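So this block is my_file18.cif, mmCIF, C-alpha atoms:
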data_final
loop_
_atom_site.label_atom_id
_atom_site.label_comp_id
_atom_site.auth_asym_id
_atom_site.auth_seq_id
_atom_site.Cartn_x
_atom_site.Cartn_y
_atom_site.Cartn_z
CA MET A 1 19.93 -14.39 -14.56
CA PRO A 2 16.13 -14.51 -14.10
CA ASP A 3 13.99 -14.24 -17.22
CA ALA A 4 12.31 -10.84 -17.38
CA ARG A 5 9.82 -11.93 -20.05
CA PRO A 6 7.09 -12.67 -20.89
CA ILE A 7 4.53 -10.91 -18.77
CA PRO A 8 1.64 -13.40 -18.47
CA PRO A 9 -1.50 -12.71 -20.48
CA THR A 10 -3.47 -12.71 -17.22
CA ASP A 11 -1.80 -9.42 -16.30
CA PRO A 12 -4.51 -6.99 -17.45
CA ASP A 13 -3.81 -4.22 -19.91
CA ALA A 14 -5.67 -1.98 -17.46
CA ARG A 15 -2.42 -1.90 -15.47
CA LEU A 16 -0.54 -0.29 -18.33
CA TRP A 17 -1.57 3.28 -17.60
CA SER A 18 -0.07 6.73 -17.47
CA ARG A 19 -1.24 10.12 -16.22
CA ASP A 20 -3.24 10.82 -19.35
CA THR A 21 -4.69 7.36 -20.09
CA LEU A 22 -6.45 6.59 -16.81
CA ASP A 23 -10.22 6.26 -17.01
CA PRO A 24 -11.38 8.57 -14.18
CA ALA A 25 -14.72 6.81 -13.56
CA PRO A 26 -13.41 3.69 -11.73
CA LEU A 27 -10.89 5.66 -9.67
CA ARG A 28 -13.47 6.90 -7.15
CA TYR A 29 -16.26 5.31 -5.15
CA THR A 30 -18.77 7.24 -3.04
CA LEU A 31 -20.35 5.70 0.04
CA THR A 32 -24.14 5.72 -0.20
CA ALA A 33 -26.46 7.46 2.24
CA ALA A 34 -27.54 4.01 3.44
CA ALA A 35 -23.92 3.05 4.15
CA LEU A 36 -23.36 6.30 6.10
CA ASP A 37 -26.46 5.53 8.20
CA GLU A 38 -25.09 2.05 8.92
CA ILE A 39 -21.74 3.56 9.94
CA ASP A 40 -23.49 5.96 12.33
CA THR A 41 -25.52 3.11 13.85
CA ALA A 42 -22.43 0.95 14.32
CA LEU A 43 -20.48 3.83 15.86
CA ARG A 44 -23.31 4.49 18.31
CA PHE A 45 -23.21 0.82 19.32
CA ALA A 46 -19.43 1.06 19.79
CA ARG A 47 -19.71 4.16 21.98
CA GLU A 48 -22.49 2.70 24.11
CA ASN A 49 -20.42 -0.42 24.76
CA GLY A 50 -17.02 1.21 25.25
CA LEU A 51 -15.47 -0.34 22.13
CA THR A 52 -12.31 1.14 20.62
CA VAL A 53 -10.40 0.47 17.41
CA ASP A 54 -8.32 -2.03 19.41
CA THR A 55 -11.30 -3.99 20.75
CA ILE A 56 -13.96 -3.78 18.04
CA GLU A 57 -14.51 -6.89 15.93
CA GLN A 58 -16.19 -7.71 12.64
CA GLU A 59 -19.54 -8.64 14.20
CA ASP A 60 -19.70 -5.26 15.94
CA PHE A 61 -19.60 -3.20 12.75
CA ARG A 62 -21.88 -4.47 9.98
CA LEU A 63 -22.19 -2.47 6.73
CA PRO A 64 -24.41 -4.48 4.35
CA SER A 65 -24.83 -1.55 1.95
CA PHE A 66 -21.06 -1.33 1.53
CA ALA A 67 -20.70 -5.12 1.46
CA ARG A 68 -22.78 -5.28 -1.73
CA ASP A 69 -20.09 -3.30 -3.56
CA VAL A 70 -16.99 -4.99 -2.13
CA ALA A 71 -16.59 -7.59 -4.89
CA GLU A 72 -16.62 -4.83 -7.50
CA LEU A 73 -14.12 -2.75 -5.52
CA ARG A 74 -11.80 -5.75 -5.20
CA ALA A 75 -12.02 -6.19 -8.97
CA ARG A 76 -10.84 -2.60 -9.46
CA LEU A 77 -7.86 -3.36 -7.20
CA ASP A 78 -7.05 -6.79 -8.61
CA LYS A 79 -7.81 -6.38 -12.32
CA GLY A 80 -8.25 -2.67 -12.95
CA ALA A 81 -5.93 0.28 -12.47
CA GLY A 82 -5.06 -1.05 -9.01
CA PHE A 83 -6.47 1.68 -6.77
CA VAL A 84 -9.63 3.48 -5.75
CA VAL A 85 -10.42 6.50 -3.56
CA ILE A 86 -13.40 5.89 -1.27
CA GLY A 87 -15.24 9.11 -0.43
CA GLY A 88 -18.59 10.39 0.71
CA ILE A 89 -17.84 11.01 4.39
CA PRO A 90 -18.44 14.72 5.09
CA GLU A 91 -15.47 16.57 6.56
CA GLY A 92 -15.73 16.79 10.35
CA ARG A 93 -18.45 14.13 10.63
CA TYR A 94 -16.24 11.96 12.89
CA ASP A 95 -13.46 12.75 15.35
CA GLU A 96 -10.06 11.08 15.04
CA ALA A 97 -10.89 8.07 17.25
CA GLU A 98 -14.16 7.50 15.39
CA SER A 99 -12.35 7.86 12.06
CA GLU A 100 -9.95 5.10 13.07
CA ILE A 101 -12.87 2.75 13.73
CA VAL A 102 -14.65 3.68 10.49
CA ALA A 103 -11.50 3.21 8.41
CA TRP A 104 -10.78 -0.11 10.14
CA ALA A 105 -14.34 -1.31 9.43
CA LEU A 106 -14.17 -0.41 5.72
CA CYS A 107 -10.77 -2.07 5.33
CA ASN A 108 -11.99 -5.16 7.18
CA TYR A 109 -14.51 -5.73 4.40
CA LEU A 110 -11.82 -5.49 1.73
CA GLY A 111 -9.19 -7.75 3.31
CA GLN A 112 -7.66 -9.20 6.47
CA ILE A 113 -6.05 -6.34 8.41
CA ILE A 114 -2.57 -7.25 9.60
CA ARG A 115 -0.19 -5.86 12.19
CA GLN A 116 2.47 -3.30 11.33
CA GLY A 117 4.51 -3.59 14.51
CA ILE A 118 5.19 -6.02 17.35
CA GLY A 119 4.38 -4.01 20.45
CA GLN A 120 2.39 -1.28 18.72
CA ASP A 121 0.68 -0.41 15.42
CA ARG A 122 -1.14 -3.73 15.51
CA ARG A 123 -4.17 -2.48 13.58
CA PHE A 124 -2.94 0.68 11.89
CA PHE A 125 -0.13 3.23 11.79
CA THR A 126 -0.63 6.98 12.07
CA VAL A 127 1.18 8.79 9.25
CA SER A 128 1.98 12.30 10.47
CA ASP A 129 4.85 14.64 11.24
CA LYS A 130 6.18 13.19 14.48
CA GLY A 131 9.25 15.40 14.53
CA MET A 132 11.65 12.64 13.48
CA PRO A 133 14.22 14.36 11.23
CA GLY A 134 16.82 11.64 11.79
CA GLY A 135 16.88 8.09 13.04
CA ASP A 136 15.51 5.26 10.94
CA PRO A 137 15.51 6.46 7.28
CA THR A 138 12.83 3.88 6.44
CA ARG A 139 10.28 5.73 8.63
CA ILE A 140 9.64 8.61 6.25
CA GLY A 141 5.96 8.42 7.17
CA ALA A 142 6.83 9.94 10.54
CA SER A 143 8.28 13.10 8.96
CA PRO A 144 7.13 15.80 6.50
CA LYS A 145 9.85 14.88 4.00
CA ARG A 146 9.14 13.81 0.45
CA SER A 147 8.53 10.07 0.33
CA PRO A 148 9.95 8.61 -2.92
CA LYS A 149 7.98 5.84 -4.66
CA HIS A 150 7.96 2.61 -2.74
CA SER A 151 5.88 -0.39 -1.78
CA ASP A 152 5.05 -1.28 1.81
CA ASN A 153 6.79 -4.60 2.17
CA GLY A 154 5.56 -5.61 5.62
CA CYS A 155 8.94 -7.10 6.57
CA LEU A 156 7.54 -8.32 9.90
CA GLU A 157 5.46 -10.92 8.04
CA PRO A 158 6.47 -13.58 5.51
CA ARG A 159 3.89 -12.15 3.06
CA SER A 160 3.76 -8.55 1.93
CA PRO A 161 0.40 -6.83 2.41
CA GLY A 162 -1.77 -7.20 -0.68
CA TYR A 163 -3.70 -4.00 -0.09
CA LEU A 164 -2.72 -0.70 1.51
CA ALA A 165 -5.21 1.93 2.67
CA LEU A 166 -4.63 5.54 3.74
CA TYR A 167 -7.55 7.29 5.44
CA CYS A 168 -7.22 11.07 5.59
CA VAL A 169 -8.16 12.63 8.93
CA ARG A 170 -6.51 15.99 8.19
CA SER A 171 -4.77 17.21 5.06
CA ALA A 172 -1.79 19.54 4.90
CA ALA A 173 -2.39 23.23 4.31
CA GLU A 174 0.19 22.98 1.53
CA GLY A 175 1.86 20.01 -0.14
CA GLY A 176 1.55 16.33 0.72
CA GLU A 177 0.12 15.18 -2.64
CA SER A 178 -0.03 11.43 -3.22
CA THR A 179 1.57 9.86 -6.31
CA LEU A 180 1.03 6.40 -7.85
CA ILE A 181 2.70 4.44 -10.63
CA SER A 182 1.96 0.97 -12.02
CA ALA A 183 4.45 -1.91 -12.08
CA ARG A 184 3.33 -2.73 -15.63
CA THR A 185 4.10 0.83 -16.74
CA ILE A 186 7.51 0.63 -15.04
CA HIS A 187 8.28 -2.71 -16.66
CA ASP A 188 7.32 -1.71 -20.18
CA THR A 189 9.15 1.62 -19.97
CA VAL A 190 12.41 -0.05 -18.89
CA ALA A 191 11.92 -2.83 -21.46
CA ARG A 192 11.54 -0.25 -24.22
CA GLU A 193 14.40 2.03 -23.19
CA ARG A 194 16.98 -0.34 -21.67
CA PRO A 195 16.06 -3.99 -22.23
CA ASP A 196 19.57 -4.96 -21.14
CA LEU A 197 18.86 -3.64 -17.61
CA LEU A 198 15.39 -5.15 -17.20
CA PRO A 199 16.60 -8.61 -16.04
CA LEU A 200 18.48 -7.00 -13.16
CA LEU A 201 15.15 -5.85 -11.68
CA PHE A 202 14.10 -9.51 -11.47
CA GLU A 203 17.16 -10.40 -9.38
CA THR A 204 16.87 -10.88 -5.61
CA TYR A 205 18.03 -7.97 -3.45
CA HIS A 206 18.58 -7.48 0.27
CA PHE A 207 16.18 -4.89 1.76
CA ARG A 208 17.06 -3.22 5.02
CA ALA A 209 14.10 -4.06 7.26
CA PRO A 210 12.49 -1.13 9.14
CA GLN A 211 13.71 -1.33 12.72
CA ALA A 212 10.24 -1.14 14.25
CA HIS A 213 8.66 -3.59 11.82
CA VAL A 214 10.87 -6.68 12.00
CA TRP A 215 11.43 -9.55 14.40
CA PRO A 216 14.66 -8.92 16.39
CA SER A 217 15.78 -12.51 15.77
CA LYS A 218 15.40 -12.35 11.99
CA GLY A 219 18.40 -10.15 11.21
CA PRO A 220 18.65 -6.75 9.56
CA THR A 221 17.58 -7.62 5.99
CA VAL A 222 14.93 -9.49 4.02
CA GLN A 223 15.41 -10.77 0.49
CA MET A 224 13.04 -10.23 -2.43
CA PRO A 225 13.16 -9.26 -6.11
CA ILE A 226 12.13 -5.82 -7.29
CA LEU A 227 9.97 -7.25 -10.07
CA GLU A 228 8.51 -10.75 -10.17
CA VAL A 229 5.68 -12.66 -11.80
CA LYS A 230 3.67 -14.53 -9.20
CA GLY A 231 0.11 -15.76 -9.12
CA GLY A 232 -0.49 -14.37 -12.59
CA GLU A 233 0.50 -10.86 -11.48
CA LEU A 234 3.48 -8.71 -12.32
CA ARG A 235 4.46 -7.62 -8.80
CA VAL A 236 6.81 -4.93 -7.57
CA HIS A 237 8.72 -4.56 -4.29
CA TYR A 238 10.87 -1.48 -3.99
CA ALA A 239 12.23 1.25 -1.77
CA ARG A 240 15.66 2.59 -2.69
CA VAL A 241 16.15 3.68 0.92
CA MET A 242 15.87 0.01 1.90
CA VAL A 243 17.70 -1.67 -0.99
CA GLU A 244 21.00 0.20 -1.04
CA PRO A 245 21.75 -0.08 2.72
CA GLY A 246 20.36 -3.62 2.73
CA MET A 247 22.87 -4.75 0.15
CA GLU A 248 25.66 -3.08 2.13
CA MET A 249 24.53 -4.82 5.35
CA ALA A 250 24.55 -8.19 3.56
CA GLY A 251 28.11 -7.64 2.35
CA THR A 252 26.97 -7.58 -1.29
CA PRO A 253 26.99 -3.89 -2.26
CA LEU A 254 25.31 -2.94 -5.50
CA SER A 255 27.39 -3.63 -8.59
CA ALA A 256 27.90 -0.86 -11.10
CA THR A 257 25.30 -2.44 -13.39
CA GLN A 258 22.78 -2.92 -10.59
CA ARG A 259 23.23 0.70 -9.58
CA GLU A 260 22.68 1.77 -13.17
CA ALA A 261 19.45 -0.25 -13.27
CA LEU A 262 18.18 1.29 -10.03
CA ASP A 263 19.14 4.78 -11.17
CA LEU A 264 17.09 4.25 -14.32
CA LEU A 265 14.23 2.87 -12.22
CA ASP A 266 14.27 5.95 -9.99
CA ASP A 267 14.25 8.18 -13.06
CA VAL A 268 11.21 6.35 -14.47
CA LEU A 269 9.41 6.57 -11.13
CA ASP A 270 9.76 10.35 -11.06
CA ARG A 271 8.43 11.05 -14.55
CA PRO A 272 5.26 13.13 -14.12
CA GLU A 273 3.63 11.73 -17.26
CA LEU A 274 3.76 8.18 -15.83
CA ASN A 275 2.26 9.08 -12.45
CA HIS A 276 -1.21 9.74 -11.15
CA ARG A 277 -1.06 12.62 -8.68
CA PHE A 278 -3.81 13.84 -6.35
CA THR A 279 -4.51 15.16 -2.86
CA LEU A 280 -6.56 13.15 -0.37
CA GLN A 281 -9.20 15.22 1.39
CA PRO A 282 -10.44 14.66 4.96
CA GLY A 283 -12.85 11.74 5.03
CA GLU A 284 -11.37 10.14 1.90
CA MET A 285 -9.50 6.85 1.86
CA LEU A 286 -7.06 5.69 -0.79
CA VAL A 287 -7.00 1.91 -1.21
CA LEU A 288 -4.35 0.45 -3.50
CA ASN A 289 -2.96 -2.90 -4.56
CA ASN A 290 0.40 -2.81 -2.83
CA LEU A 291 1.73 -5.67 -4.96
CA VAL A 292 1.27 -3.98 -8.33
CA LEU A 293 1.65 -0.26 -7.62
CA LEU A 294 4.27 1.95 -6.03
CA HIS A 295 3.13 4.99 -4.06
CA GLY A 296 4.81 8.14 -2.83
CA ARG A 297 4.08 11.49 -1.23
CA GLU A 298 5.33 14.98 -1.88
CA ALA A 299 6.84 16.97 0.99
CA PHE A 300 4.74 19.28 3.12
CA ALA A 301 5.64 22.01 5.61
CA ALA A 302 6.30 20.73 9.13
CA GLY A 303 3.11 21.05 11.13
CA SER A 304 1.31 22.13 7.95
CA GLY A 305 -2.32 21.75 8.90
CA GLY A 306 -1.51 18.79 11.13
CA ARG A 307 -1.59 16.37 8.17
CA THR A 308 -2.73 13.01 9.57
CA LEU A 309 -3.47 9.76 7.76
CA LYS A 310 -4.28 6.32 9.14
CA ARG A 311 -2.47 3.50 7.31
CA PHE A 312 -3.85 -0.03 7.14
CA TRP A 313 -2.25 -3.15 5.68
CA MET A 314 -4.38 -6.05 4.44
CA TRP A 315 -3.96 -9.54 3.09
CA ARG A 316 -6.44 -10.51 0.40
CA ARG A 317 -8.98 -13.05 1.70
CA HIS A 318 -10.44 -13.88 -1.71
CA ILE A 319 -7.33 -14.80 -3.75
CA GLY A 320 -5.23 -17.92 -3.20
CA PRO A 321 -5.33 -19.44 0.29
CA GLY A 322 -6.61 -16.23 1.85
CA THR A 323 -6.04 -16.52 5.60
CA ASP A 324 -7.01 -20.17 6.12
CA PRO A 325 -4.09 -21.69 8.10
CA ALA A 326 -4.30 -25.11 6.44
CA ALA A 327 -4.42 -23.62 2.93
CA LEU A 328 -1.54 -21.27 3.74
CA ASP A 329 0.70 -24.12 4.90
CA MET A 330 -0.21 -26.21 1.87
CA GLU A 331 0.71 -23.33 -0.44
CA GLU A 332 3.99 -22.47 1.30
CA PHE A 333 5.28 -25.86 2.41
CA ALA A 334 3.68 -28.45 0.10
#
What is this file in structure tokens?
Amino acid sequence: MPDARPIPPTDPDARLWSRDTLDPAPLRYTLTAAALDEIDTALRFARENGLTVDTIEQEDFRLPSFARDVAELRARLDKGAGFVVIGGIPEGRYDEAESEIVAWALCNYLGQIIRQGIGQDRRFFTVSDKGMPGGDPTRIGASPKRSPKHSDNGCLEPRSPGYLALYCVRSAAEGGESTLISARTIHDTVARERPDLLPLLFETYHFRAPQAHVWPSKGPTVQMPILEVKGGELRVHYARVMVEPGMEMAGTPLSATQREALDLLDDVLDRPELNHRFTLQPGEMLVLNNLVLLHGREAFAAGSGGRTLKRFWMWRRHIGPGTDPAALDMEEFA
């Protein structure tokens, strides 16, 4: 059975947080007036040249005022609490198409934006009530249902996205609050309460891959642990809605002890005192470290205010091999 201890000393204590211990100052970042002027100038250039979110490139959207703060923002994601809300865009300043471009541009400075689908969702995914009450249970983002804590595993790609961003175009009239919990908090809570179950979270599980986000030739599941220590980080990969059916599909249904461990995990994830809970406002963007946090969303009324978020997945350019093809192959295949 995999060793669940020790957590490496490089895993910062800043990750061991609860609702009441978070330092509020680093959790928010406000775009400067200079950065907003640069956004307006870049958008004007895009309009004059017929560029869209699908055709715009890095050289078309330069934000030097924001660039000066990117290293510090990455540090908050990589070594701090693991998330930040970027604000400062006045509500209604940009329409939905312009908001997609602005969100893409900000994310492009933080990491390498990656595809979320094969034939669609290549730069982002629109999270909204699409009237999908049934169908693929892994596509909760297309419904107003409560979304239990999970990580976005990016099953289409061999590497999970390092960062996840959600840009709010419209908020719900009621409900739809975001919730976050840290992997380090999860780990230490389970270790304290049921150390006998902790090693089971380091085992490898089959995850049912989302139907729209996986190569047809790769089969219905991907394998990964729920907790792992990699690259000096305590990482988490989880979605109960993917694990339980994935194990069934693989012909290895959860054992009684595994089920007990996941039931305890779900209980820990729902404890209000361990979560940070907030509501994104229009023009705000949540950016989180998808490898070290789990995120969720409370339910909202169908059609409630037309709640619409734009979701971006990113690989980190500045840690490990980044996106250099030679360095990636050397890391994976050497």
Practice task
Pick out the residues sitting within 12 Å of segment 246-256 of chain A, and hand them over as number ranges by chain; count only C-alpha atoms, and ignore anything fewer than 2 positions along from it in its own chain.
Solution key: A: 138, 197, 200, 203-210, 219-224, 238-244, 258-263
Exercise for the section: Extract, using only C-alpha atoms, all DNA, RNA and protein residues at most 12 Å from segment 321-330 of chain A, discarding same-chain residues fewer than 6 positions from it, and format them as a ChimeraX atom specification. Expected result: /A:110-114,158-159,161-162,231,314-315
Practice task
Identify, on the basis of only C-alpha atoms, every residue whose closest approach to Ala172 of chain A does not exceed 12 Å; exclude the query and any residue fewer than 4 positions from it along the same chain; express the result as a PyMOL selection string.
Solution key: chain A and resi 127-129+144+168+176-178+279-282+297-309
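The interatomic distance for the pair atom CA of Leu36 of chain A and atom CA of Asn290 of chain A works out to 27.0 Å.
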Pick out the residues sitting within 8 Å of segment 105-108 of chain A, and hand them over as a PDB file with C-alpha atoms, keeping the file's coordinate frame; count all atoms listed in the file, and ignore anything fewer than 6 positions along from it in its own chain.
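The file below, selection.pdb, is the result:
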ATOM      1  CA  GLN A  58     -16.190  -7.710  12.640  1.00  0.00           C
ATOM      2  CA  PHE A  61     -19.600  -3.200  12.750  1.00  0.00           C
ATOM      3  CA  ALA A 165      -5.210   1.930   2.670  1.00  0.00           C
ATOM      4  CA  PHE A 312      -3.850  -0.030   7.140  1.00  0.00           C
ATOM      5  CA  MET A 314      -4.380  -6.050   4.440  1.00  0.00           C
TER       6      MET A 314
END
Practice task
May I ask for the distance between atom CA of Leu166 of chain A and atom CA of Ala103 of chain A, given in Å to one decimal place?
Solution key: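 Between atom CA of Leu166 of chain A and atom CA of Ala103 of chain A the gap works out to 8.6 Å.
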Practice task
Find the spatial neighbours of Gln116 of chain A, counting all atoms listed in the file, within a cut-off of 12 Å - ignore same-chain residues fewer than 2 positions away - and output them as a PyMOL selection string.
Solution key: chain A and resi 113-114+118-126+152-157+160-161+164+210-215+310-314
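In this structure, atom CA of Pro26 of chain A sits 27.4 Å away from atom CA of Glu98 of chain A.
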Exercise for the section: Using the chain letters and numbers from the file, give me the residues hit by the PyMOL selection byres ((chain A and resi 71-84) around 9), as a VMD selection string. Expected result: chain A and resid 11 to 17 22 to 23 26 to 29 67 to 70 85 to 86 110 163 180 182 285 to 290 292 to 293 318
Go ahead and fit an axis-aligned box to every listed atom of segment 274-282 of chain A plus 3 Å each side, and pass me the centre and edge lengths in Å, one decimal, as JSON.
{"center_x": -3.3, "center_y": 11.7, "center_z": -5.4, "size_x": 20.2, "size_y": 13.0, "size_z": 26.8}
Practice task
Translate the PyMOL selection byres ((chain A and resi 186) around 9), as applied to the file shown, into an explicit residue set as a PyMOL selection string.
Solution key: chain A and resi 16+181-185+187-191+265+268-269+274
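For the set A:Leu294, A:Lys145, A:Asp270, A:Arg277, the residue with the smallest atom-to-atom gap to Leu227 of chain A is A:Leu294, counting all atoms listed in the file.
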Exercise for the section: Apply the PyMOL selection byres ((chain A and resi 89-97) around 8) to the file shown and report the selected residues as a count of residues only. Expected result: 14
Handout entry: Residue nearest Phe45 of chain A - candidates A:Lys218, A:His295, A:Arg62, A:Arg271, atoms counted: all atoms listed in the file
Key =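 Between A:Lys218, A:His295, A:Arg62, A:Arg271, the residue approaching Phe45 of chain A most closely is A:Arg62.
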